>>> print(open('data10.cif').read())   # mmCIF, C-alpha atoms
data_input
#
loop_
_atom_site.label_atom_id
_atom_site.label_comp_id
_atom_site.auth_asym_id
_atom_site.auth_seq_id
_atom_site.Cartn_x
_atom_site.Cartn_y
_atom_site.Cartn_z
CA MET A 1 84.50 6.08 18.74
CA ILE A 2 82.34 8.49 16.77
CA PRO A 3 83.62 12.09 16.58
CA SER A 4 81.48 14.36 18.75
CA LYS A 5 80.53 16.45 15.71
CA ASP A 6 79.05 13.38 14.04
CA ASP A 7 77.36 12.30 17.24
CA ALA A 8 75.73 15.71 17.52
CA LEU A 9 74.52 15.31 13.94
CA LEU A 10 72.93 11.95 14.78
CA GLN A 11 71.19 13.50 17.79
CA THR A 12 69.81 16.29 15.66
CA ALA A 13 68.63 13.75 13.09
CA VAL A 14 66.87 11.63 15.66
CA ASP A 15 65.05 14.76 16.83
CA GLY A 16 63.99 15.55 13.28
CA GLU A 17 65.67 18.95 13.36
CA LEU A 18 68.24 18.68 10.57
CA THR A 19 68.72 21.60 8.22
CA ARG A 20 69.02 20.87 4.51
CA ASP A 21 72.81 20.97 4.65
CA GLU A 22 72.90 18.80 7.75
CA ARG A 23 70.61 16.31 6.02
CA VAL A 24 73.17 15.88 3.22
CA GLU A 25 75.92 15.46 5.80
CA PHE A 26 73.82 12.95 7.74
CA ASP A 27 73.06 10.84 4.65
CA ARG A 28 76.75 10.79 3.78
CA LEU A 29 77.67 9.76 7.33
CA LEU A 30 75.22 6.87 7.40
CA ALA A 31 76.31 5.71 3.96
CA THR A 32 79.98 5.59 4.93
CA SER A 33 80.12 4.62 8.60
CA ALA A 34 78.81 1.38 10.08
CA GLU A 35 79.62 2.74 13.51
CA ALA A 36 77.40 5.77 12.88
CA ARG A 37 74.59 3.51 11.69
CA ASP A 38 74.84 1.42 14.86
CA ARG A 39 74.92 4.52 17.01
CA PHE A 40 71.89 5.95 15.22
CA THR A 41 69.98 2.68 15.69
CA ALA A 42 70.84 2.65 19.40
CA LEU A 43 69.73 6.24 19.77
CA ARG A 44 66.40 5.52 18.12
CA LYS A 45 65.92 2.51 20.38
CA LEU A 46 66.68 4.59 23.46
CA ILE A 47 64.15 7.22 22.44
CA SER A 48 61.59 4.60 21.62
CA ILE A 49 61.78 3.02 25.09
CA VAL A 50 61.67 6.45 26.75
CA GLU A 51 58.62 7.51 24.76
CA GLU A 52 57.01 4.15 25.42
CA LEU A 53 56.11 5.58 28.82
CA GLY A 54 53.60 7.69 26.97
CA ALA A 55 51.29 10.29 28.34
CA CYS A 56 49.65 9.90 31.71
CA SER A 57 46.07 11.05 31.57
CA VAL A 58 44.81 13.41 34.18
CA ILE A 59 41.74 11.58 35.50
CA ARG A 60 39.60 14.54 36.49
CA SER A 61 39.66 17.75 34.54
CA ILE A 62 41.86 20.28 36.30
CA ALA A 63 39.47 22.99 35.16
CA LYS A 64 36.73 21.45 37.29
CA CYS A 65 38.96 21.49 40.36
CA LEU A 66 40.22 25.06 40.16
CA PRO A 67 38.67 27.09 42.96
CA SER A 68 36.33 29.50 41.23
CA ASN A 69 36.79 32.11 44.00
CA ARG A 70 40.47 32.37 43.02
CA LEU A 71 39.65 33.02 39.38
CA MET B 1 52.61 8.37 22.43
CA ARG B 2 53.43 11.94 23.23
CA THR B 3 51.33 14.81 24.42
CA THR B 4 51.87 17.60 21.98
CA CYS B 5 51.86 21.19 23.02
CA PRO B 6 49.18 22.98 21.06
CA SER B 7 49.16 26.75 20.79
CA ARG B 8 46.00 26.69 18.76
CA VAL B 9 43.51 23.85 18.74
CA ASN B 10 40.40 23.57 16.64
CA VAL B 11 37.76 21.54 18.40
CA ARG B 12 34.06 21.98 18.89
CA PRO B 13 32.82 24.52 21.45
CA LEU B 14 33.13 23.36 25.01
CA LEU B 15 30.72 23.65 27.89
CA THR B 16 32.55 25.55 30.59
CA ASN B 17 32.65 24.57 34.25
CA PHE B 18 33.99 27.87 35.45
CA SER B 19 30.81 29.83 35.74
CA SER B 20 27.56 28.74 37.33
CA GLN B 21 25.81 29.27 34.00
CA ALA B 22 26.46 27.25 30.87
CA VAL B 23 28.78 29.24 28.64
CA TYR B 24 30.08 27.95 25.34
CA LEU B 25 33.68 28.78 24.58
CA ASP B 26 35.37 29.01 21.23
CA GLN B 27 38.22 26.50 21.50
CA SER B 28 39.71 27.70 18.23
CA MET B 29 40.70 31.10 19.63
CA ASP B 30 44.46 31.49 19.89
CA ASP B 31 46.31 31.88 23.17
CA ALA B 32 46.84 35.63 22.89
CA THR B 33 43.15 36.21 22.23
CA ALA B 34 42.13 34.01 25.16
CA VAL B 35 44.55 35.88 27.43
CA GLN B 36 43.25 39.24 26.26
CA ARG B 37 39.65 38.19 26.83
CA CYS B 38 40.55 37.11 30.37
CA LEU B 39 42.23 40.44 30.98
CA ASP B 40 39.14 42.16 29.65
CA GLY B 41 37.17 40.51 32.43
CA GLU B 42 35.89 37.41 30.70
CA SER B 43 37.20 34.89 33.21
CA ALA B 44 35.42 32.02 31.45
CA ALA B 45 37.89 32.45 28.56
CA PHE B 46 40.53 31.10 30.91
CA GLU B 47 39.01 27.65 30.63
CA THR B 48 40.03 27.58 26.99
CA LEU B 49 43.64 27.83 28.13
CA VAL B 50 43.20 25.30 30.93
CA THR B 51 41.52 22.80 28.63
CA ARG B 52 44.20 23.31 26.01
CA TYR B 53 47.19 22.93 28.31
CA GLN B 54 46.11 20.86 31.30
CA GLN B 55 47.20 17.56 29.76
CA VAL B 56 50.64 18.68 28.62
CA LEU B 57 51.30 20.63 31.83
CA PHE B 58 50.24 17.70 33.97
CA ASN B 59 52.43 15.31 31.98
CA VAL B 60 55.47 17.53 32.26
CA ALA B 61 54.91 17.85 36.02
CA PHE B 62 54.35 14.10 36.35
CA ARG B 63 57.55 13.23 34.54
CA MET B 64 59.50 15.85 36.49
CA LEU B 65 58.15 14.81 39.91
CA GLY B 66 57.25 11.16 39.42
CA ASP B 67 54.12 11.42 41.54
CA TYR B 68 50.58 11.62 40.19
CA GLU B 69 48.96 13.59 43.03
CA GLU B 70 51.86 16.01 43.33
CA ALA B 71 51.82 16.57 39.59
CA ARG B 72 48.11 17.27 39.70
CA ASP B 73 48.52 19.76 42.57
CA VAL B 74 51.40 21.46 40.80
CA ALA B 75 49.47 21.74 37.54
CA GLN B 76 46.47 23.14 39.41
CA ASN B 77 48.56 25.67 41.34
CA THR B 78 50.29 26.65 38.13
CA PHE B 79 46.98 27.57 36.52
CA ILE B 80 46.02 29.65 39.54
CA LYS B 81 49.37 31.51 39.41
CA VAL B 82 49.04 31.92 35.65
CA TYR B 83 45.63 33.49 36.13
CA GLU B 84 46.89 35.81 38.86
CA LYS B 85 49.91 36.87 36.77
CA LEU B 86 48.14 37.07 33.43
CA GLY B 87 48.65 40.83 33.33
CA THR B 88 52.42 40.34 33.23
CA TYR B 89 52.35 37.99 30.23
CA ASP B 90 54.15 39.37 27.19
CA PRO B 91 52.21 38.27 24.06
CA GLN B 92 55.47 38.38 22.08
CA ARG B 93 56.46 35.18 23.89
CA ARG B 94 54.89 31.76 23.47
CA PHE B 95 52.25 31.28 26.12
CA PHE B 96 53.47 27.78 26.96
CA SER B 97 57.05 29.01 27.51
CA TRP B 98 55.82 31.60 29.98
CA MET B 99 53.56 29.13 31.73
CA TYR B 100 56.33 26.54 31.84
CA ARG B 101 58.52 28.82 33.97
CA ILE B 102 55.69 29.11 36.49
CA LEU B 103 55.24 25.33 36.47
CA MET B 104 58.94 24.78 37.17
CA ASN B 105 58.83 27.21 40.09
CA GLU B 106 55.89 25.26 41.49
CA CYS B 107 57.83 22.00 41.10
CA LEU B 108 60.81 23.51 42.92
CA ASN B 109 58.61 24.90 45.69
CA LEU B 110 57.08 21.48 46.20
CA ARG B 111 60.46 19.81 46.43
CA ARG B 112 61.60 22.35 49.05
CA ARG B 113 58.77 21.27 51.37
CA PRO B 114 59.36 18.39 53.81
CA PRO B 115 58.61 15.04 52.10
CA MET B 116 55.20 13.56 52.82
CA GLY B 117 56.13 10.06 51.67
CA SER B 118 58.51 8.07 49.55
CA PHE B 119 59.53 9.86 46.39
CA ILE B 120 60.16 6.69 44.45
CA ASP B 121 57.02 4.91 45.63
CA GLY B 122 54.89 7.32 43.70
CA ILE B 123 56.33 6.56 40.33
CA ASP B 124 55.20 2.97 40.07
CA GLY B 125 51.52 3.63 40.47
CA ILE B 126 49.16 5.28 38.02
CA ASP B 127 50.79 5.80 34.69
CA GLY B 128 48.37 5.96 31.87
CA VAL B 129 46.61 3.35 29.84
CA ALA B 130 49.77 1.47 28.92
CA ASP B 131 50.34 0.32 32.51
CA ARG B 132 46.91 -1.22 32.70
CA THR B 133 46.94 -2.98 29.36
CA PRO B 134 47.70 -6.69 29.58
CA ALA B 135 50.21 -7.94 27.00
CA PRO B 136 52.06 -11.19 26.40
CA ASP B 137 55.30 -9.65 27.61
CA ALA B 138 53.58 -7.54 30.25
CA VAL B 139 56.06 -8.31 32.99
CA GLU B 140 59.07 -7.38 30.89
CA ALA B 141 57.34 -4.26 29.61
CA ALA B 142 56.45 -3.20 33.15
CA GLU B 143 60.05 -3.72 34.26
CA ARG B 144 61.31 -1.69 31.33
CA ARG B 145 58.91 1.18 32.06
CA ARG B 146 59.89 1.13 35.72
CA ASP B 147 63.58 1.33 34.81
CA VAL B 148 62.95 4.17 32.37
CA LYS B 149 60.97 6.12 34.98
CA HIS B 150 63.75 5.67 37.52
CA ALA B 151 66.40 6.65 34.97
CA ILE B 152 64.52 9.85 34.08
CA LEU B 153 64.00 10.77 37.72
CA ALA B 154 67.67 10.11 38.43
CA LEU B 155 68.72 12.76 35.89
CA PRO B 156 69.79 16.15 37.26
CA PRO B 157 66.77 18.53 36.91
CA MET B 158 68.52 20.50 34.16
CA TYR B 159 68.76 17.36 32.03
CA ARG B 160 65.44 15.90 33.11
CA GLU B 161 63.50 18.91 31.90
CA VAL B 162 64.93 18.75 28.36
CA VAL B 163 64.06 15.06 28.13
CA VAL B 164 60.55 15.67 29.46
CA LEU B 165 59.81 18.62 27.19
CA ARG B 166 61.28 16.90 24.16
CA HIS B 167 59.78 13.45 24.58
CA PHE B 168 56.58 14.06 26.51
CA ALA B 169 55.59 17.51 25.29
CA ALA B 170 57.14 17.34 21.79
CA LEU B 171 58.78 20.76 22.02
CA SER B 172 61.34 21.73 19.38
CA TYR B 173 64.85 22.99 20.21
CA GLU B 174 63.65 26.52 19.58
CA GLU B 175 60.60 26.17 21.81
CA MET B 176 62.72 24.71 24.61
CA SER B 177 65.25 27.45 24.13
CA GLU B 178 62.53 30.01 24.78
CA ALA B 179 61.07 28.06 27.70
CA PHE B 180 64.45 27.76 29.44
CA GLY B 181 65.78 31.14 28.39
CA VAL B 182 68.97 29.61 26.96
CA PRO B 183 70.34 29.31 23.40
CA ALA B 184 69.20 26.35 21.28
CA LYS B 185 72.81 25.17 21.25
CA THR B 186 72.66 24.79 25.03
CA VAL B 187 69.41 22.85 24.73
CA LYS B 188 71.06 20.44 22.30
CA SER B 189 74.05 20.05 24.54
CA ARG B 190 71.88 19.29 27.59
CA LEU B 191 69.80 16.84 25.58
CA TYR B 192 72.99 15.12 24.44
CA SER B 193 74.30 14.79 28.01
CA ALA B 194 70.91 13.62 29.29
CA ARG B 195 70.74 10.91 26.65
CA GLN B 196 74.29 9.81 27.40
CA GLN B 197 73.28 9.28 31.01
CA LEU B 198 70.03 7.54 30.05
CA ALA B 199 71.88 5.30 27.61
CA GLY B 200 74.21 4.22 30.40
CA GLU B 201 71.35 3.54 32.82
CA LEU B 202 69.24 1.73 30.25
CA ALA B 203 71.99 -0.06 28.32
CA ALA B 204 70.52 -3.47 29.08
CA TRP B 205 67.22 -2.50 27.46
CA VAL B 206 68.75 -0.65 24.53
CA GLN B 207 70.99 -3.58 23.60
CA ARG B 208 68.15 -6.14 23.50
#
>>> encode(input="data10.cif", output="structure tokens")
Amino acid sequence: MIPSKDDALLQTAVDGELTRDERVEFDRLLATSAEARDRFTALRKLISIVEELGACSVIRSIAKCLPSNRL
Amino acid sequence: MRTTCPSRVNVRPLLTNFSSQAVYLDQSMDDATAVQRCLDGESAAFETLVTRYQQVLFNVAFRMLGDYEEARDVAQNTFIKVYEKLGTYDPQRRFFSWMYRILMNECLNLRRRPPMGSFIDGIDGIDGVADRTPAPDAVEAAERRRDVKHAILALPPMYREVVVLRHFAALSYEEMSEAFGVPAKTVKSRLYSARQQLAGELAAWVQR
């Protein structure tokens, strides 16, 4: 079981929001813990399948459909 | 693919559909300038904001509600409310954060109305180019997307919105913090809990 502090660090890393100090901590964690590496890989996989949904395009421009009398 | 949330976009001038006459708008103007020009009576400047944010707003609504038509209505109503309330916008805040609050109110108002049809039925229909693209593992990919959509919609709204803004609007912790009016630490905590729940729901896909 990964300590919650380390898990939070992995989450921040996967979001690309590490500070410089956190980056050092993160590199150390990955270098020393196989469990952390597995957890990080699983997190990245989860995010990848979520983002696979992608953007849904709005077919007609909303601007064209806004009632001009309301604007 | 994510829809990013631009606060300033440099593209070529756009032919507006707002006025009966052809008016070319400067798409490079920033949000605050566009808002000010609207407030100064140049209603055509509003199209700059609509064009800039319609895609991201629609996507956020779609992922929150799971229904294409409802998302479209909500995005449209949001722009009308934004226009009506433009005078109350504080330029010290990010325009998207302010607009996002209005969008969420519209989503909540919609959900308070009696249901017109099946909530879940709507999520398996139109969903971007990916759903229409044939692929060798198309069936498995379609199943995976369906499960992900269901898992996102099954999240409590508080968790769903962080997932949607992070992964479908590419907002940072700080930007979400401003949009929700909570500390960044709370955003991170909600994101953590949301992902824990998603990981449980989608374990079969994650472990493949």
>>> resolve_selection(input="data10.cif", expression="the PyMOL selection byres ((chain A and resi 42) around 12)", output="ChimeraX atom specification")
/A:7,10-11,14,35-41,43-49 /B:195-196,198-200,202-208
>>> resolve_selection(input="data10.cif", expression="the PyMOL selection byres ((chain A) within 6 of (chain B))", output="NGL selection string")
:A and (45-46 or 54-57 or 64)
>>> atom_distance(input="data10.cif", atom1="CA of Asp30 (chain B)", atom2="CA of Leu165 (chain B)")
21.3 Å
>>> resolve_selection(input="data10.cif", expression="the PyMOL selection byres ((chain A and resi 22) around 12)", output="NGL selection string")
:A and (5-6 or 8-13 or 16-21 or 23-29)
>>> atom_distance(input="data10.cif", atom1="CA of Arg93 (chain B)", atom2="CA of Glu161 (chain B)")
19.5 Å
>>> atom_distance(input="data10.cif", atom1="CA of Val82 (chain B)", atom2="CA of Trp98 (chain B)")
8.8 Å
>>> residues_around(input="data10.cif", residues="region 104-108 of chain B", least_positions_apart="4", cutoff="9 Å", atoms="all atoms listed in the file", output="list in words")
Ala61, Met64, Leu65, Glu70, Ala71, Val74, Ala75, Asn77, Thr78, Met99, Tyr100, Arg112 and Arg113 of chain B
>>> build_atoms(input="data10.cif", residues="region 14-36 of chain A", atoms="N, CA and C atoms", output="mmCIF file, in the frame of the given file")
data_model
loop_
_atom_site.group_PDB
_atom_site.id
_atom_site.type_symbol
_atom_site.label_atom_id
_atom_site.label_comp_id
_atom_site.auth_asym_id
_atom_site.auth_seq_id
_atom_site.Cartn_x
_atom_site.Cartn_y
_atom_site.Cartn_z
ATOM 1 N N VAL A 14 67.862 12.414 14.936
ATOM 2 C CA VAL A 14 66.870 11.630 15.660
ATOM 3 C C VAL A 14 65.750 12.543 16.203
ATOM 4 N N ASP A 15 66.067 13.795 16.388
ATOM 5 C CA ASP A 15 65.050 14.760 16.830
ATOM 6 C C ASP A 15 64.303 15.372 15.657
ATOM 7 N N GLY A 16 64.689 15.013 14.455
ATOM 8 C CA GLY A 16 63.990 15.550 13.280
ATOM 9 C C GLY A 16 64.223 17.024 13.064
ATOM 10 N N GLU A 17 65.426 17.515 13.452
ATOM 11 C CA GLU A 17 65.670 18.950 13.360
ATOM 12 C C GLU A 17 66.851 19.290 12.440
ATOM 13 N N LEU A 18 67.128 18.421 11.492
ATOM 14 C CA LEU A 18 68.240 18.680 10.570
ATOM 15 C C LEU A 18 67.897 19.800 9.587
ATOM 16 N N THR A 19 68.879 20.638 9.311
ATOM 17 C CA THR A 19 68.720 21.600 8.220
ATOM 18 C C THR A 19 68.992 20.856 6.908
ATOM 19 N N ARG A 20 68.795 21.530 5.798
ATOM 20 C CA ARG A 20 69.020 20.870 4.510
ATOM 21 C C ARG A 20 70.476 20.430 4.363
ATOM 22 N N ASP A 21 71.389 21.307 4.741
ATOM 23 C CA ASP A 21 72.810 20.970 4.650
ATOM 24 C C ASP A 21 73.177 19.821 5.587
ATOM 25 N N GLU A 22 72.616 19.869 6.782
ATOM 26 C CA GLU A 22 72.900 18.800 7.750
ATOM 27 C C GLU A 22 72.344 17.465 7.251
ATOM 28 N N ARG A 23 71.233 17.532 6.555
ATOM 29 C CA ARG A 23 70.610 16.310 6.020
ATOM 30 C C ARG A 23 71.570 15.621 5.024
ATOM 31 N N VAL A 24 72.197 16.417 4.200
ATOM 32 C CA VAL A 24 73.170 15.880 3.220
ATOM 33 C C VAL A 24 74.331 15.236 3.968
ATOM 34 N N GLU A 25 74.803 15.956 4.973
ATOM 35 C CA GLU A 25 75.920 15.460 5.800
ATOM 36 C C GLU A 25 75.536 14.159 6.509
ATOM 37 N N PHE A 26 74.316 14.130 7.016
ATOM 38 C CA PHE A 26 73.820 12.950 7.740
ATOM 39 C C PHE A 26 73.729 11.737 6.796
ATOM 40 N N ASP A 27 73.178 11.940 5.616
ATOM 41 C CA ASP A 27 73.060 10.840 4.650
ATOM 42 C C ASP A 27 74.442 10.287 4.288
ATOM 43 N N ARG A 28 75.398 11.207 4.115
ATOM 44 C CA ARG A 28 76.750 10.790 3.780
ATOM 45 C C ARG A 28 77.362 9.976 4.928
ATOM 46 N N LEU A 29 77.125 10.443 6.148
ATOM 47 C CA LEU A 29 77.670 9.760 7.330
ATOM 48 C C LEU A 29 77.112 8.335 7.443
ATOM 49 N N LEU A 30 75.817 8.202 7.280
ATOM 50 C CA LEU A 30 75.220 6.870 7.400
ATOM 51 C C LEU A 30 75.683 5.939 6.276
ATOM 52 N N ALA A 31 75.899 6.531 5.103
ATOM 53 C CA ALA A 31 76.310 5.710 3.960
ATOM 54 C C ALA A 31 77.751 5.213 4.102
ATOM 55 N N THR A 32 78.548 5.924 4.889
ATOM 56 C CA THR A 32 79.980 5.590 4.930
ATOM 57 C C THR A 32 80.457 4.999 6.261
ATOM 58 N N SER A 33 79.632 5.067 7.292
ATOM 59 C CA SER A 33 80.120 4.620 8.600
ATOM 60 C C SER A 33 79.152 3.627 9.259
ATOM 61 N N ALA A 34 79.622 2.399 9.398
ATOM 62 C CA ALA A 34 78.810 1.380 10.080
ATOM 63 C C ALA A 34 78.639 1.741 11.549
ATOM 64 N N GLU A 35 79.669 2.341 12.110
ATOM 65 C CA GLU A 35 79.620 2.740 13.510
ATOM 66 C C GLU A 35 78.516 3.797 13.727
ATOM 67 N N ALA A 36 78.437 4.727 12.788
ATOM 68 C CA ALA A 36 77.400 5.770 12.880
ATOM 69 C C ALA A 36 76.010 5.152 12.748
#
